[in-house]
$ cat query_9.tsv   # TSV, N, CA and C atoms
chain	number	residue	atom	x	y	z
Q	12	MET	N	6.59	-6.58	8.19
Q	12	MET	CA	7.71	-6.59	7.28
Q	12	MET	C	8.01	-8.01	6.81
Q	13	ASP	N	7.62	-9.00	7.62
Q	13	ASP	CA	7.85	-10.39	7.21
Q	13	ASP	C	7.18	-10.69	5.87
Q	14	HIS	N	5.98	-10.17	5.68
Q	14	HIS	CA	5.26	-10.40	4.43
Q	14	HIS	C	6.01	-9.80	3.23
Q	15	VAL	N	6.55	-8.62	3.41
Q	15	VAL	CA	7.26	-7.94	2.33
Q	15	VAL	C	8.53	-8.71	1.94
Q	16	LEU	N	9.21	-9.25	2.93
Q	16	LEU	CA	10.51	-9.91	2.70
Q	16	LEU	C	10.41	-11.42	2.53
Q	17	ARG	N	9.22	-11.97	2.54
Q	17	ARG	CA	9.07	-13.43	2.55
Q	17	ARG	C	9.65	-14.13	1.32
Q	18	ASP	N	9.66	-13.48	0.17
Q	18	ASP	CA	10.14	-14.13	-1.06
Q	18	ASP	C	11.51	-13.65	-1.52
Q	19	VAL	N	12.26	-13.01	-0.63
Q	19	VAL	CA	13.62	-12.60	-0.98
Q	19	VAL	C	14.61	-13.39	-0.12
Q	20	THR	N	15.82	-13.53	-0.62
Q	20	THR	CA	16.84	-14.26	0.13
Q	20	THR	C	17.22	-13.49	1.38
Q	21	ARG	N	17.80	-14.18	2.33
Q	21	ARG	CA	18.21	-13.53	3.58
Q	21	ARG	C	19.25	-12.45	3.32
Q	22	SER	N	20.15	-12.68	2.36
Q	22	SER	CA	21.18	-11.66	2.07
Q	22	SER	C	20.55	-10.39	1.51
Q	23	VAL	N	19.54	-10.53	0.66
Q	23	VAL	CA	18.84	-9.35	0.13
Q	23	VAL	C	18.08	-8.67	1.26
Q	24	ALA	N	17.42	-9.45	2.11
Q	24	ALA	CA	16.68	-8.87	3.24
Q	24	ALA	C	17.60	-8.07	4.16
Q	25	ARG	N	18.79	-8.59	4.43
Q	25	ARG	CA	19.74	-7.86	5.29
Q	25	ARG	C	20.14	-6.53	4.66
Q	26	ARG	N	20.36	-6.54	3.35
Q	26	ARG	CA	20.74	-5.29	2.67
Q	26	ARG	C	19.58	-4.29	2.68
Q	27	LEU	N	18.36	-4.78	2.53
Q	27	LEU	CA	17.19	-3.91	2.59
Q	27	LEU	C	17.02	-3.33	3.99
Q	28	GLU	N	17.25	-4.16	4.99
Q	28	GLU	CA	17.11	-3.71	6.38
Q	28	GLU	C	18.15	-2.64	6.74
Q	29	ALA	N	19.25	-2.59	6.01
Q	29	ALA	CA	20.31	-1.61	6.29
Q	29	ALA	C	20.02	-0.24	5.65
Q	30	LEU	N	18.99	-0.15	4.79
Q	30	LEU	CA	18.66	1.13	4.18
Q	30	LEU	C	18.19	2.11	5.24
Q	31	ASP	N	18.48	3.39	5.02
Q	31	ASP	CA	18.00	4.43	5.92
Q	31	ASP	C	17.58	5.65	5.11
Q	32	ALA	N	17.25	6.72	5.76
Q	32	ALA	CA	16.73	7.92	5.10
Q	32	ALA	C	17.70	8.52	4.09
Q	33	ARG	N	18.99	8.23	4.23
Q	33	ARG	CA	19.99	8.75	3.28
Q	33	ARG	C	20.12	7.87	2.04
Q	34	SER	N	19.50	6.70	2.04
Q	34	SER	CA	19.61	5.76	0.93
Q	34	SER	C	18.85	6.28	-0.29
Q	35	SER	N	19.30	5.87	-1.45
Q	35	SER	CA	18.69	6.33	-2.69
Q	35	SER	C	17.95	5.19	-3.39
Q	36	THR	N	17.15	5.57	-4.38
Q	36	THR	CA	16.47	4.55	-5.18
Q	36	THR	C	17.47	3.76	-6.01
Q	37	LYS	N	18.62	4.35	-6.32
Q	37	LYS	CA	19.66	3.60	-7.03
Q	37	LYS	C	20.16	2.45	-6.18
Q	38	GLU	N	20.33	2.69	-4.88
Q	38	GLU	CA	20.74	1.62	-3.97
Q	38	GLU	C	19.66	0.54	-3.90
Q	39	LEU	N	18.42	0.97	-3.84
Q	39	LEU	CA	17.30	0.03	-3.81
Q	39	LEU	C	17.27	-0.81	-5.08
Q	40	ASP	N	17.44	-0.17	-6.24
Q	40	ASP	CA	17.50	-0.88	-7.52
Q	40	ASP	C	18.62	-1.91	-7.53
Q	41	ALA	N	19.80	-1.53	-7.03
Q	41	ALA	CA	20.95	-2.44	-7.01
Q	41	ALA	C	20.68	-3.65	-6.12
Q	42	ILE	N	20.07	-3.42	-4.97
Q	42	ILE	CA	19.78	-4.53	-4.05
Q	42	ILE	C	18.79	-5.50	-4.68
Q	43	LEU	N	17.81	-4.98	-5.40
Q	43	LEU	CA	16.74	-5.81	-5.95
Q	43	LEU	C	17.02	-6.29	-7.37
Q	44	SER	N	18.20	-6.05	-7.89
Q	44	SER	CA	18.50	-6.37	-9.29
Q	44	SER	C	18.34	-7.85	-9.63
Q	45	ASP	N	18.57	-8.74	-8.68
Q	45	ASP	CA	18.45	-10.18	-8.96
Q	45	ASP	C	17.15	-10.79	-8.46
Q	46	VAL	N	16.24	-9.97	-7.97
Q	46	VAL	CA	14.96	-10.48	-7.46
Q	46	VAL	C	13.97	-10.53	-8.63
Q	47	ALA	N	13.26	-11.65	-8.74
Q	47	ALA	CA	12.32	-11.86	-9.85
Q	47	ALA	C	11.01	-11.10	-9.62
Q	48	GLU	N	10.36	-10.77	-10.74
Q	48	GLU	CA	9.02	-10.17	-10.68
Q	48	GLU	C	8.02	-11.25	-10.30
Q	49	PRO	N	6.91	-10.99	-9.69
Q	49	PRO	CA	6.41	-9.70	-9.24
Q	49	PRO	C	6.95	-9.29	-7.87
Q	50	THR	N	7.74	-10.16	-7.24
Q	50	THR	CA	8.29	-9.85	-5.92
Q	50	THR	C	9.09	-8.56	-5.96
Q	51	ARG	N	9.91	-8.39	-7.00
Q	51	ARG	CA	10.75	-7.20	-7.11
Q	51	ARG	C	9.90	-5.93	-7.08
Q	52	GLN	N	8.85	-5.89	-7.88
Q	52	GLN	CA	8.01	-4.69	-7.95
Q	52	GLN	C	7.34	-4.40	-6.62
Q	53	PHE	N	6.85	-5.44	-5.95
Q	53	PHE	CA	6.18	-5.26	-4.67
Q	53	PHE	C	7.16	-4.72	-3.62
Q	54	VAL	N	8.30	-5.36	-3.48
Q	54	VAL	CA	9.30	-4.94	-2.49
Q	54	VAL	C	9.80	-3.54	-2.81
Q	55	TYR	N	10.05	-3.27	-4.10
Q	55	TYR	CA	10.52	-1.95	-4.51
Q	55	TYR	C	9.48	-0.88	-4.13
Q	56	SER	N	8.21	-1.13	-4.43
Q	56	SER	CA	7.19	-0.11	-4.15
Q	56	SER	C	7.09	0.17	-2.66
Q	57	VAL	N	7.13	-0.87	-1.83
Q	57	VAL	CA	7.04	-0.67	-0.38
Q	57	VAL	C	8.25	0.10	0.14
Q	58	PHE	N	9.46	-0.34	-0.24
Q	58	PHE	CA	10.66	0.32	0.27
Q	58	PHE	C	10.84	1.72	-0.30
Q	59	ASN	N	10.45	1.94	-1.53
Q	59	ASN	CA	10.54	3.28	-2.11
Q	59	ASN	C	9.63	4.25	-1.35
Q	60	LEU	N	8.43	3.79	-0.99
Q	60	LEU	CA	7.53	4.63	-0.20
Q	60	LEU	C	8.09	4.87	1.20
Q	61	LEU	N	8.70	3.85	1.79
Q	61	LEU	CA	9.32	4.03	3.11
Q	61	LEU	C	10.47	5.02	3.04
Q	62	LEU	N	11.30	4.92	2.01
Q	62	LEU	CA	12.43	5.85	1.87
Q	62	LEU	C	11.94	7.29	1.71
Q	63	ALA	N	10.77	7.45	1.08
Q	63	ALA	CA	10.19	8.78	0.88
Q	63	ALA	C	9.46	9.28	2.12
Q	64	GLY	N	9.38	8.42	3.15
Q	64	GLY	CA	8.70	8.82	4.37
Q	64	GLY	C	7.18	8.67	4.30
Q	65	ASN	N	6.69	8.00	3.28
Q	65	ASN	CA	5.25	7.82	3.09
Q	65	ASN	C	4.83	6.48	3.69
Q	66	TYR	N	4.79	6.42	5.01
Q	66	TYR	CA	4.55	5.16	5.73
Q	66	TYR	C	3.13	4.64	5.53
Q	67	ASP	N	2.15	5.53	5.45
Q	67	ASP	CA	0.77	5.09	5.25
Q	67	ASP	C	0.60	4.43	3.89
Q	68	ALA	N	1.19	5.00	2.85
Q	68	ALA	CA	1.08	4.41	1.51
Q	68	ALA	C	1.81	3.07	1.46
Q	69	ALA	N	2.94	2.95	2.16
Q	69	ALA	CA	3.65	1.67	2.21
Q	69	ALA	C	2.77	0.62	2.89
Q	70	GLN	N	2.11	1.01	3.97
Q	70	GLN	CA	1.19	0.08	4.66
Q	70	GLN	C	0.03	-0.29	3.76
Q	71	ASP	N	-0.47	0.67	2.97
Q	71	ASP	CA	-1.55	0.37	2.01
Q	71	ASP	C	-1.11	-0.70	1.02
Q	72	GLN	N	0.13	-0.62	0.53
Q	72	GLN	CA	0.64	-1.63	-0.40
Q	72	GLN	C	0.66	-3.01	0.24
Q	73	VAL	N	1.09	-3.07	1.49
Q	73	VAL	CA	1.11	-4.34	2.22
Q	73	VAL	C	-0.31	-4.84	2.43
Q	74	ASP	N	-1.21	-3.96	2.85
Q	74	ASP	CA	-2.60	-4.36	3.07
Q	74	ASP	C	-3.26	-4.84	1.78
Q	75	LEU	N	-2.96	-4.20	0.67
Q	75	LEU	CA	-3.48	-4.62	-0.62
Q	75	LEU	C	-2.97	-6.01	-0.97
Q	76	SER	N	-1.71	-6.24	-0.75
Q	76	SER	CA	-1.10	-7.55	-1.04
Q	76	SER	C	-1.69	-8.65	-0.16
Q	77	LEU	N	-2.01	-8.32	1.09
Q	77	LEU	CA	-2.57	-9.29	2.03
Q	77	LEU	C	-4.08	-9.48	1.86
Q	78	GLY	N	-4.70	-8.66	1.02
Q	78	GLY	CA	-6.14	-8.77	0.81
Q	78	GLY	C	-6.97	-8.06	1.86
Q	79	ARG	N	-6.33	-7.26	2.71
Q	79	ARG	CA	-7.07	-6.50	3.73
Q	79	ARG	C	-7.90	-5.40	3.09
Q	80	ILE	N	-7.41	-4.87	1.97
Q	80	ILE	CA	-8.15	-3.91	1.16
Q	80	ILE	C	-8.13	-4.42	-0.26
Q	81	SER	N	-9.08	-3.96	-1.07
Q	81	SER	CA	-9.20	-4.42	-2.45
Q	81	SER	C	-8.78	-3.32	-3.41
Q	82	SER	N	-8.33	-3.72	-4.56
Q	82	SER	CA	-8.00	-2.77	-5.60
Q	82	SER	C	-9.28	-2.14	-6.14
Q	83	LEU	N	-9.28	-0.85	-6.32
Q	83	LEU	CA	-10.46	-0.14	-6.81
Q	83	LEU	C	-10.89	-0.66	-8.18
Q	84	GLU	N	-9.94	-1.07	-8.98
Q	84	GLU	CA	-10.24	-1.55	-10.32
Q	84	GLU	C	-11.06	-2.85	-10.30
Q	85	LYS	N	-11.09	-3.56	-9.17
Q	85	LYS	CA	-11.80	-4.83	-9.06
Q	85	LYS	C	-13.19	-4.68	-8.44
Q	86	ILE	N	-13.65	-3.45	-8.26
Q	86	ILE	CA	-14.89	-3.20	-7.56
Q	86	ILE	C	-15.98	-2.77	-8.51
Q	87	ASP	N	-17.17	-3.30	-8.27
Q	87	ASP	CA	-18.34	-2.91	-9.03
Q	87	ASP	C	-18.71	-1.47	-8.65
Q	88	GLU	N	-18.88	-0.60	-9.63
Q	88	GLU	CA	-19.15	0.81	-9.37
Q	88	GLU	C	-20.45	1.04	-8.60
Q	89	SER	N	-21.37	0.09	-8.64
Q	89	SER	CA	-22.63	0.28	-7.92
Q	89	SER	C	-22.41	0.29	-6.41
Q	90	GLY	N	-21.26	-0.21	-5.95
Q	90	GLY	CA	-20.98	-0.23	-4.52
Q	90	GLY	C	-20.25	1.00	-4.03
Q	91	LEU	N	-19.94	1.94	-4.91
Q	91	LEU	CA	-19.19	3.14	-4.51
Q	91	LEU	C	-20.11	4.22	-3.97
Q	92	LEU	N	-19.65	4.90	-2.97
Q	92	LEU	CA	-20.37	6.06	-2.46
Q	92	LEU	C	-20.01	7.27	-3.29
Q	93	GLU	N	-20.96	8.13	-3.49
Q	93	GLU	CA	-20.66	9.41	-4.14
Q	93	GLU	C	-20.35	10.39	-3.03
Q	94	VAL	N	-19.16	10.93	-3.04
Q	94	VAL	CA	-18.74	11.84	-1.98
Q	94	VAL	C	-18.77	13.27	-2.53
Q	95	LYS	N	-19.48	14.11	-1.81
Q	95	LYS	CA	-19.56	15.53	-2.18
Q	95	LYS	C	-19.10	16.34	-0.99
Q	96	ASP	N	-18.53	17.48	-1.27
Q	96	ASP	CA	-18.12	18.38	-0.20
Q	96	ASP	C	-19.36	18.98	0.44
Q	97	GLY	N	-19.34	19.06	1.73
Q	97	GLY	CA	-20.49	19.65	2.42
Q	97	GLY	C	-20.52	19.23	3.87
Q	98	GLU	N	-21.63	19.52	4.54
Q	98	GLU	CA	-21.77	19.23	5.96
Q	98	GLU	C	-21.62	17.74	6.26
Q	99	ASP	N	-22.21	16.86	5.44
Q	99	ASP	CA	-22.18	15.42	5.72
Q	99	ASP	C	-20.77	14.86	5.73
Q	100	ILE	N	-19.96	15.25	4.78
Q	100	ILE	CA	-18.61	14.68	4.69
Q	100	ILE	C	-17.76	15.14	5.86
Q	101	ARG	N	-18.02	16.32	6.37
Q	101	ARG	CA	-17.24	16.80	7.51
Q	101	ARG	C	-17.53	16.00	8.77
Q	102	ARG	N	-18.66	15.31	8.81
Q	102	ARG	CA	-19.01	14.51	9.98
Q	102	ARG	C	-18.47	13.09	9.91
Q	103	LEU	N	-17.93	12.68	8.81
Q	103	LEU	CA	-17.37	11.34	8.68
Q	103	LEU	C	-16.06	11.28	9.46
Q	104	ARG	N	-16.01	10.45	10.47
Q	104	ARG	CA	-14.83	10.36	11.32
Q	104	ARG	C	-13.95	9.21	10.85
Q	105	ILE	N	-12.66	9.42	10.88
Q	105	ILE	CA	-11.71	8.38	10.50
Q	105	ILE	C	-11.89	7.19	11.43
Q	106	GLY	N	-11.96	6.00	10.84
Q	106	GLY	CA	-12.10	4.78	11.62
Q	106	GLY	C	-13.54	4.38	11.85
Q	107	GLU	N	-14.49	5.24	11.53
Q	107	GLU	CA	-15.90	4.91	11.69
Q	107	GLU	C	-16.47	4.55	10.33
Q	108	SER	N	-16.32	3.30	9.95
Q	108	SER	CA	-16.78	2.89	8.62
Q	108	SER	C	-18.24	2.47	8.63
Q	109	GLY	N	-18.82	2.21	9.80
Q	109	GLY	CA	-20.22	1.81	9.86
Q	109	GLY	C	-20.49	0.54	9.08
Q	110	GLY	N	-19.54	-0.38	9.07
Q	110	GLY	CA	-19.70	-1.63	8.34
Q	110	GLY	C	-19.26	-1.54	6.89
Q	111	ALA	N	-18.82	-0.37	6.46
Q	111	ALA	CA	-18.35	-0.22	5.09
Q	111	ALA	C	-16.93	-0.76	4.98
Q	112	LYS	N	-16.45	-0.87	3.75
Q	112	LYS	CA	-15.13	-1.44	3.50
Q	112	LYS	C	-14.26	-0.42	2.79
Q	113	LEU	N	-13.00	-0.32	3.21
Q	113	LEU	CA	-12.05	0.56	2.55
Q	113	LEU	C	-11.36	-0.19	1.43
Q	114	VAL	N	-11.21	0.44	0.28
Q	114	VAL	CA	-10.51	-0.16	-0.85
Q	114	VAL	C	-9.48	0.81	-1.38
Q	115	HIS	N	-8.42	0.26	-2.00
Q	115	HIS	CA	-7.32	1.05	-2.51
Q	115	HIS	C	-7.42	1.14	-4.03
Q	116	GLY	N	-7.23	2.31	-4.57
Q	116	GLY	CA	-7.22	2.48	-6.01
Q	116	GLY	C	-6.17	3.49	-6.40
Q	117	SER	N	-6.04	3.72	-7.69
Q	117	SER	CA	-5.02	4.63	-8.16
Q	117	SER	C	-5.26	6.05	-7.65
Q	118	GLY	N	-6.50	6.36	-7.29
Q	118	GLY	CA	-6.82	7.68	-6.77
Q	118	GLY	C	-6.76	7.76	-5.26
Q	119	GLY	N	-6.45	6.67	-4.59
Q	119	GLY	CA	-6.37	6.68	-3.14
Q	119	GLY	C	-7.30	5.65	-2.52
Q	120	ILE	N	-7.70	5.88	-1.30
Q	120	ILE	CA	-8.57	4.97	-0.56
Q	120	ILE	C	-10.02	5.43	-0.71
Q	121	VAL	N	-10.91	4.48	-0.95
Q	121	VAL	CA	-12.33	4.79	-1.15
Q	121	VAL	C	-13.15	4.00	-0.14
Q	122	LEU	N	-14.19	4.59	0.40
Q	122	LEU	CA	-15.08	3.94	1.35
Q	122	LEU	C	-16.29	3.40	0.59
Q	123	LEU	N	-16.55	2.08	0.73
Q	123	LEU	CA	-17.72	1.46	0.09
Q	123	LEU	C	-18.82	1.35	1.12
Q	124	ARG	N	-20.05	1.47	0.67
Q	124	ARG	CA	-21.16	1.32	1.61
Q	124	ARG	C	-21.30	-0.14	2.02
Q	125	ALA	N	-21.84	-0.33	3.20
Q	125	ALA	CA	-22.00	-1.67	3.75
Q	125	ALA	C	-22.97	-2.47	2.89
Q	126	ALA	N	-22.71	-3.77	2.82
Q	126	ALA	CA	-23.57	-4.65	2.02
Q	126	ALA	C	-24.86	-4.95	2.74

$ encode --input "query_9.tsv" --output "C-alpha cells"
Amino acid sequence: MDHVLRDVTRSVARRLEALDARSSTKELDAILSDVAEPTRQFVYSVFNLLLAGNYDAAQDQVDLSLGRISSLEKIDESGLLEVKDGEDIRRLRIGESGGAKLVHGSGGIVLLRAA
C-alpha cells in the first residue's frame, strides 16, 4: 500500500485508509479531487477495485505500476502463446510458469513463453 499512497499527502492517505465496504465511488472521487494526474488515476483505480472486492485486480494494478508485470500493449506478438481449449491447457497449473513471464493487458493476464 505504501507504493499506492507514496505520492499523496498524509491527510489524503488517512481519508483513503478510512474507506470501507460501505464507501462509494463518490466518496473516493471527493477524496482524490485535489490529487494531480497520473497519481489520481492510479490511486483511484486501485481503491475502486478494492471497494468492489476485486483484490487480485487491484494487486495487478500495483504490480503493473512496479514493473513486476508488463502491459500487453508493450509486448511483441511473437512472444505470445496461442492458448486453445483442450487437454494441454487443463494441465497448466497456476504458479508453474516454467520460466515464462506473466503480463497484464486489457483482456487480462497472459503467459509468455520463456526466452

$ atom_distance --input "query_9.tsv" --atom1 "atom N of Q:Leu39" --atom2 "atom C of Q:Ile80"
27.3 Å

$ atom_distance --input "query_9.tsv" --atom1 "atom CA of Q:Leu61" --atom2 "atom CA of Q:Ala32"
8.6 Å

$ atom_distance --input "query_9.tsv" --atom1 "atom N of Q:Leu27" --atom2 "atom CA of Q:Ser56"
13.8 Å

$ residues_around --input "query_9.tsv" --residues "Q:Ser35" --least-positions-apart "5" --cutoff "8 Å" --atoms "all atoms listed in the file" --output "PyMOL selection string"
chain Q and resi 30+40-41+59+62

$ axis_aligned_box --input "query_9.tsv" --around "stretch 77-80 of chain Q" --padding-each-side "4 Å" --output "AutoDock Vina command-line options"
--center_x -5.1 --center_y -6.7 --center_z 1.7 --size_x 14.1 --size_y 13.6 --size_z 12.0

$ closest_residue --input "query_9.tsv" --among "Q:Ala63, Q:Glu38, Q:Thr50, Q:Ser44" --to "Q:Asp18" --atoms "only N, CA and C atoms"
Q:Thr50

$ closest_residue --input "query_9.tsv" --among "Q:Ala29, Q:Val54, Q:Leu77, Q:Val46" --to "Q:Leu16" --atoms "all atoms listed in the file"
Q:Val54
